[in-house]
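A quick write-up on the structure given underneath.
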Amino acid sequence: MTATTTKNRAGTRTAPGPARRSAALAARVAATDWAALGEELDAVGCALTPRLLSPADCRALIALYDEAGRFRSTIDMARHRFGSGQYLQPGHRPGQPMIVSGLP
């Protein structure tokens, strides 16, 4: 069994639910050495965080793409000459993805 699966009562492997994923994310965020990352950012101009989102977290976020009501706005990147694609800006409203709420 991997870190992203659990067994239910019937013994079937399932992905953890949103609340469990959110708790795991909160633990990963809390365990991150933000002071060291800030120092590296000041010294070098960039810093690499450890993996904060699990593959299951990423899949859950991807699944929300077509739910426009969960996002405050959609930015067309080509319109602003930032390349191609879209940027979905999460909003602070009821129904916001739990994973986004868990980020500092």
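Identifiers in this document derive from the order of the structure tokens: chains are assigned A, B, ..., residues are numbered from 1 separately in each chain, and ligands are numbered from 1 in order of occurrence.
Counting only C-alpha atoms, Arg28 (chain A) has the following residues at most 9 Å away, ignoring those fewer than 5 positions along the same chain: Ala23, Pro50, Arg51, Leu52 and Leu53 of chain A.
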Selection export as a PDB file, in the first residue's frame, atoms kept: N, CA and C atoms:
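Writing done, so here's part-v3.pdb:
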```pdb
ATOM      1  N   ALA A  23      -5.242  17.525   5.987  1.00  0.00           N
ATOM      2  CA  ALA A  23      -4.431  17.366   7.201  1.00  0.00           C
ATOM      3  C   ALA A  23      -3.000  16.996   6.845  1.00  0.00           C
ATOM      4  N   PRO A  50      10.244  21.618  -0.554  1.00  0.00           N
ATOM      5  CA  PRO A  50      10.056  20.172  -0.688  1.00  0.00           C
ATOM      6  C   PRO A  50       8.690  19.941  -1.329  1.00  0.00           C
ATOM      7  N   ARG A  51       8.397  18.715  -1.711  1.00  0.00           N
ATOM      8  CA  ARG A  51       7.103  18.407  -2.317  1.00  0.00           C
ATOM      9  C   ARG A  51       6.012  18.684  -1.278  1.00  0.00           C
ATOM     10  N   LEU A  52       5.133  19.629  -1.587  1.00  0.00           N
ATOM     11  CA  LEU A  52       4.035  19.966  -0.685  1.00  0.00           C
ATOM     12  C   LEU A  52       2.738  19.273  -1.094  1.00  0.00           C
ATOM     13  N   LEU A  53       2.508  19.142  -2.386  1.00  0.00           N
ATOM     14  CA  LEU A  53       1.291  18.504  -2.877  1.00  0.00           C
ATOM     15  C   LEU A  53       1.592  17.079  -3.325  1.00  0.00           C
TER      16      LEU A  53
END
```
